[in-house]
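Q: Provided herewith is a single structure, encoded as structure tokens, for subsequent inquiry.
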Amino acid sequence: MSHSVSPDAPTFQDIILTLQRYWAEQGCVVLQPYDSEVGAGTFHTATTLRSLGPKPWRTCYAQPCRRPADGRYGENPNRMQHYYQFQVLIKPSPENSQELYLDSLKAIGLDPADHDVRFVEDDWESPTLGAWGLGWEVWVDGMEVTQFTYFQQVGGIEVDPVPVEITYGLERLAMYVQNVTSVYDLVWSYLPDGTPMTYGDVFLENEREFSAYNFEVADVPMMRQKFDDYERECHSCLEAKLPLPAYDCVMKCSHAFNILDARGALSAVERANYILRVRAVAKACCEAYLAEVAGSNDSEGEVA
Amino acid sequence: MADTRSFLFEIGTEEMPAAPLMNAVKQLPKLMCAGLDAVGLAHGDVRVVSTPRRLAMLSTVATQTDAVHDVKRGPAANIAFDADGNPTKAAEGFARKCGIAATELVRREDTDGREYVFAEKDIPAAPAVPLLSAICHDVIAKLEWPNYRSQRWGSSHDTFVRPVRWICALLGEEVIPVQYADVTSGNTTRGHRVLGAGEHVVANPDVYEQVLEGAGVLAEERRREVIAEGIKRIEEERGGAHVDTPKKVLDEVVNLCEWPTVLVGTFDEVFLGVPHEIICESMLSNQRYFPIYDKDGSLTREFVVVGNGKPECADTIIDGNERVVRARLYDAKFFYDEDLKVPMEEFRARLASVAFQEKLGSVLQKSERIEAIAAALAAEAGVDGEAATAACRAAHLCKADLVSSAVIEFTSQQGVMGGYYAKAAGESDAVASAIRDHYRPRFAGDELPEGIEGCIVAVADKLDTIAGMFAIDEPPTGSKDPFALRRSAIGVLNILRTRLKCGYDKIVDVALDAYSSQGLSFEHDEVADNVRAFIHGRMEQMARDEGLSADTVAAVSAGSVTVPADFFVLAHALEDARSNDAETFENLATAYARANNLRDASLGADVDESLINEVEHALFCAVVQAEGRVARAMDAHDFSAAIAELASLRKPVDLFFDRVKVMDDDQKLRENRLSLLNRFVGVFANVADFGQLSK
């Protein structure tokens with residue numbers, strides 16, 4: 001595919017590196033992605049669990065997200081079942097949260113002074129996490145590039161102090177900055193001889209294969225079984241007072257559910273029941289984490 | 001009034017959503033005036049200035065409260081002091097209540113010539129600023145966010161609809177100290193994020209709006225004007241074009257900017273081939289763009305976007321927005337084109353893997369049932385021939401679009417897309433329209449399906465859902481109605497009442513039979529009764545909601561008329577008759593109740609004419625006559641006439657109860673009279689239970 005990305009435009013990886021550098025300077029712990037399938041950067045323990053309790057916490061990380069139902073076999077230029085979010089979490093939310101965010105846009109070449117940046121009401125609720133917050137989707141010239149949320153509740157627990165979560169849609173942002181209309185034309189990086197490595201070079205095959213897997217191949221009874229097994233395992237972990245492995249099981253349940261959903265295997269009621277089951281274990285993990293780790297003052301803080 | 005000063009109170013926030021903001025704009029002056037009045041601070045009118053990032057008000061307020069000489073009369077002097085002239089308990093209690101010592105009470109004669117004690121107090125003037133500090137704080141805390149939530153931020157526990165970031169509070173040039181959450185008031189406001197970034201000093205309230213305008217911020221009315229002018233210009237430039245600005249979207253757009261710039265963007269011609277419902281939903285709901293129609297009412301490729309950036313960056317802003325709309329419409333077109341390649345029957349077959357409800361099978365099974373119900377309903381409504389065939393065909397295909405890509409993406413276009421796909425597949429207009437409309441009415445006040453075929457499918461679909469949920473014993477409860485059965489029942493009733501004119505009693509059986517034949521087991525008769533009672537209950541509620549008195553509704557409800565069209569006409573006829581001649585109907589109701597109480601079904605309704613006197617005979621004749629006339633009137637659906645016939649029984653029955661001793665010692669006479677009353681009650685049976693009117 002041909003493309004005409006200006007050599008001055010930041011590459012996909014430049015954007016990630018710049019954001020990491022920018023938020024590192026704001027005192028964030030620069031983390032790596034959670035090493036299990038997650039539907040959103042929010043599910044990373046560094047956001048969900050670290051939102052709980054009184055201790056200050058600042059982190060940022062890029063997180064690959066899996067949304068099996070969003071796969072389009074690599075044929076849709078805007079939509080994928082695997083994509084990246086850049087996640088920032090700051091607790092307590094600072095007075096200048098919005099200004100910090102706007103300056104980060106400037107850092108990656110989107111100076112708000114030259115564009116139309118809006119904060120458009122978009123309150124966030126995750127039934128599976130028993131979490132909600134108020135905030136916005138941020139538009140740059142009409143394009144939604146970021147989700148900006150002040151958490152109020154996580155795992156059914158009131159968060160205090162309040163964290164602010166900033167979630168950048170990296171592909172959208174990069175497409176805008178590089179002025180390309182297909183995600184697969186994004187320049188990820190350049191080889192030494194100047195040949196661009198595109199997003200398509202890196203991920204197109206992945207999209208094709210996983211779309212087919214999620215929609216056509218994934219074994220429905222196996223996924224149901226997987227859900228049941230990990231739900232049980234989660235409870236075992238909780239009994240052993242191990243909230244982190246328990247939470248890991250919640251992620252597995254959640255992903256199994258997402259695949260079942262993509263397979264069209266769930267009725268509305270069944271779907272609601274699965275969501276309730278995920279919420280129940282997620283909530284239990286949050287409560288256990290608060291009780292065992294975040295609520296106490298002498299925590300070693302080993303969590304990632 | 002004391003000296004006054006201009007007063008400014010601005011709550012500066014992060015971007016507030018339109019709906020709660022507009023609600024707060026209404027609350028703010030009331031709360032502020034109530035606060036000022038409560039402490040006796042004189043003030044002028046309140047003017048509200050709002051943008052997404054500020055909720056502010058301007059007024060004039062006295063620099064202090066007026067000094068007050070407060071006089072309260074206490075007990076009479078002879079009660080307040082004992083024989084020795086010492087204050088009594090009564091005097092002490094009064095003094096304490098007034099906050100002074102009993103020795104400070106003054107005794108003197110009042111205008112009635114008696115002597116009382118008085119508590120007199122000089123309340124000095126209080127300076128405004130400390131009072132305003134407290135009032136301003138309380139106003140922030142008291143603002144409510146109905147149908148919305150408020151939030152905390154940082155480490156503070158105070159709440160607001162979005163974080164409060166600054167407070168500008170001035171009385172004249174003096175800063176009113178206000179503390180809320182982690183914010184302390186000052187004399188600065190903040191400007192537009194890029195047109196007037198940062199803090200701006202407000203020297204005094206009179207220059208507030210000037211400072212705002214200088215910092216790129218316009219109040220709501222001004223923003224509305226600018227947007228309206230921009231749209232008018234665009235319409236004029238395009239010779240009679242029309243820009244569609246639904247109120248809800250316009251309100252949002254007005255409250256998504258502080259300095260609006262009205263711009264026009266364009267999308268590619270090719271997207272006009274996509275159903276316009278999808279294009280418009282995508283533009284209005286997702287992007288808050290306003291579609292432009294040409295002078296003939298056809299959708300054009302142009303749209304209005306209201307920007308909030310620097311006007312000189314218009315090209316960049318338009319370009320960005322066009323890219324967004326291109327991506328969205330590309331998606332829509334892609335889905336639509338892909339969908340068109342799939343035959344309707346294939347979509348329908350795929351419904352087998354879409355569950356309708358855990359215990360009620362797939363959507364394919366649902367569509368099979370809808371088809372069966374539609375056929376029965378068409379017959380019941382007297383719809384035959386082509387229309388009945390079309391209704392059944394539409395029922396067959398009505399759910400097919402649920403598995404189409406376009407509907408998966410644009411859920412609210414379910415039905416609409418099915419209509420397009422049916423048309424494209426060569427189905428008739430009647431079939432396509434019926435598919436398109438069968439979800440209607442989707443909300444209170446929504447239109448009913450256009451054609452009779454759509455009405456049939458809509459009722460069949462809704463009745464199927466209601467019947468199924470009752471069959472698995474999951475009827476709606478007070479708090480839970482996940483399938484919106486109440487709304488469905490109201491939809492069913494509205495369509496039956498105004499369009500199909502038939503009843504639902506038999507159709508409920510058909511709907512339940514359809515489940516049985518698919519293998520669901522349940523107690524048919526019991527469930528059918530419950531379903532009918534549920535629908536009947538909604539019908540009663542609708543009748544009360546349209547102003548019919550509860551007892552009229554109860555009376556008609558207890559009669560035998562259940563066909564919705566008749567039910568409402570009868571209820572209205574009875575209500576009208578009662579309000580035109582209240583006395584007759586009250587008497588009749590009393591007599592009916594009395595007769596009904598005495599009723600003894602075992603005696604039957606055969607009257608032995610040889611045993612009756614003149615008064616009884618008069619009632620007997622009237623009853624016999626009414627029996628025939630009421631029956632004929634009911635058959636002719638002439639409910640006013642039926643009720644008039646019942647009213648004609650008032651005089652003879654009154655006379656009967658007046659003159660005749662029903663419970664005569666002679667058993668034969670007594671039983672004959674009771675039979676006559678049975679017969680009298682029987683006349684009402686098919687119309688209404690008049691006993692309900694006597695309560």
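FYI, nothing fancy with the structure tokens labels: chains A, B, ... in order, residues from 1 per chain, ligands from 1 as they appear.
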Once DSSP has gone over the backbone, tell me which residues of segment 99-308 of chain B are in strand (DSSP E or B), as a PyMOL selection string.
A: chain B and resi 106-109+115-123+127+151+160+164-171+174-175+179-180+183-184+186+188-190+199-201+242-243+261-266+290-293+299-307
Q: Residues of chain B within 7 Å of chain A, counting only C-alpha atoms - could you list those as a ChimeraX atom specification?
A: /B:15,17,151-155,194,287,307-309,313,316-317,320-321,324,353-358
Q: Choose the residue, out of A:Leu129, A:Val293, A:Ile166, A:Ile259, that has the smallest atom-to-atom separation from Arg277 of chain A; count only C-alpha atoms.
A: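 Closest to Arg277 of chain A, using only C-alpha atoms: A:Leu129.
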Q: Give me, as a list in words, all polymer residues having an atom no more than 9 Å from Tyr289 of chain A, counting only C-alpha atoms and skipping those fewer than 2 positions away in the same chain.
A: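 The neighbour list is Leu49, Leu52, Lys241, Leu242, Pro243, Leu244, Ala284, Cys285, Cys286, Glu287, Ala291, Glu292, Val293, Ala294 and Gly295 of chain A.
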Q: Keeping C-alpha atoms, export the residues of the selection given above as a PDB file, in the first residue's frame.
A:
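Everything below was put into selection.pdb:
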ATOM      1  CA  LEU A  49      -6.109  -2.384  42.062  1.00  0.00           C
ATOM      2  CA  LEU A  52      -7.763   1.533  45.775  1.00  0.00           C
ATOM      3  CA  LYS A 241      -5.597 -14.506  50.568  1.00  0.00           C
ATOM      4  CA  LEU A 242      -3.834 -14.010  47.236  1.00  0.00           C
ATOM      5  CA  PRO A 243      -5.703 -11.158  45.576  1.00  0.00           C
ATOM      6  CA  LEU A 244      -3.219 -10.725  42.706  1.00  0.00           C
ATOM      7  CA  ALA A 284     -14.108  -9.795  45.598  1.00  0.00           C
ATOM      8  CA  CYS A 285     -10.552  -9.265  44.331  1.00  0.00           C
ATOM      9  CA  CYS A 286     -10.746  -5.524  44.886  1.00  0.00           C
ATOM     10  CA  GLU A 287     -12.050  -6.037  48.400  1.00  0.00           C
ATOM     11  CA  ALA A 291      -7.967  -5.623  52.902  1.00  0.00           C
ATOM     12  CA  GLU A 292      -4.683  -7.470  52.333  1.00  0.00           C
ATOM     13  CA  VAL A 293      -2.527  -4.894  50.594  1.00  0.00           C
ATOM     14  CA  ALA A 294      -3.661  -1.373  49.793  1.00  0.00           C
ATOM     15  CA  GLY A 295      -5.505  -0.655  53.012  1.00  0.00           C
TER      16      GLY A 295
END
Q: Enumerate, as a ChimeraX atom specification, the complete set of residues in segment 491-683 of chain B that a backbone-based DSSP assignment places in alpha helix (DSSP H).
A: /B:491-495,505-517,524-545,550-557,564-580,582-598,614-635,639-647,650-659,667-683
Q: Residues near segment 15-20 of chain A, anyone? I mean within 9 Å using only C-alpha atoms, not counting same-chain ones fewer than 2 positions away, as a ChimeraX atom specification.
A: /A:10-13,22-25,28,30,60-62,86,104-105,107-108,170,173-174
Q: So how far away is atom CA of Gly35 of chain B from atom CA of Pro177 of chain B, in Å?
A: 16.2 Å
Q: Just want the 8 Å neighbourhood of segment 195-211 of chain A, counted on only C-alpha atoms, with same-chain residues fewer than 3 positions away dropped. Output as number ranges by chain.
A: A: 68, 71-74, 80-82, 183-192, 214-216
Q: Take the residues that were just selected and, keeping C-alpha atoms, output them as an mmCIF file, in the first residue's frame.
A:
data_model
loop_
_atom_site.group_PDB
_atom_site.id
_atom_site.type_symbol
_atom_site.label_atom_id
_atom_site.label_comp_id
_atom_site.auth_asym_id
_atom_site.auth_seq_id
_atom_site.Cartn_x
_atom_site.Cartn_y
_atom_site.Cartn_z
ATOM 1 C CA PRO A 68 -12.587 -10.028 19.906
ATOM 2 C CA GLY A 71 -12.165 -7.806 14.613
ATOM 3 C CA ARG A 72 -12.675 -7.086 10.891
ATOM 4 C CA TYR A 73 -10.215 -9.516 9.297
ATOM 5 C CA GLY A 74 -7.881 -6.603 8.634
ATOM 6 C CA MET A 80 -9.262 -4.104 15.048
ATOM 7 C CA GLN A 81 -9.650 -6.798 17.649
ATOM 8 C CA HIS A 82 -6.162 -5.992 18.964
ATOM 9 C CA VAL A 183 -4.419 2.126 10.470
ATOM 10 C CA TYR A 184 -2.343 -0.327 8.434
ATOM 11 C CA ASP A 185 -0.582 2.587 6.708
ATOM 12 C CA LEU A 186 0.721 3.984 9.987
ATOM 13 C CA VAL A 187 4.492 4.158 10.086
ATOM 14 C CA TRP A 188 5.571 2.196 13.123
ATOM 15 C CA SER A 189 9.306 2.823 12.628
ATOM 16 C CA TYR A 190 11.960 3.124 9.918
ATOM 17 C CA LEU A 191 14.599 0.613 8.986
ATOM 18 C CA PRO A 192 18.163 1.976 8.830
ATOM 19 C CA ASN A 214 -12.519 -15.246 17.364
ATOM 20 C CA PHE A 215 -15.471 -15.423 15.023
ATOM 21 C CA GLU A 216 -15.182 -18.864 13.486
#
Q: Could you check which of B:Val48, B:Ala565, B:Leu485, B:Ala422 is closest to Pro343 of chain B, using only C-alpha atoms?
A: B:Ala422
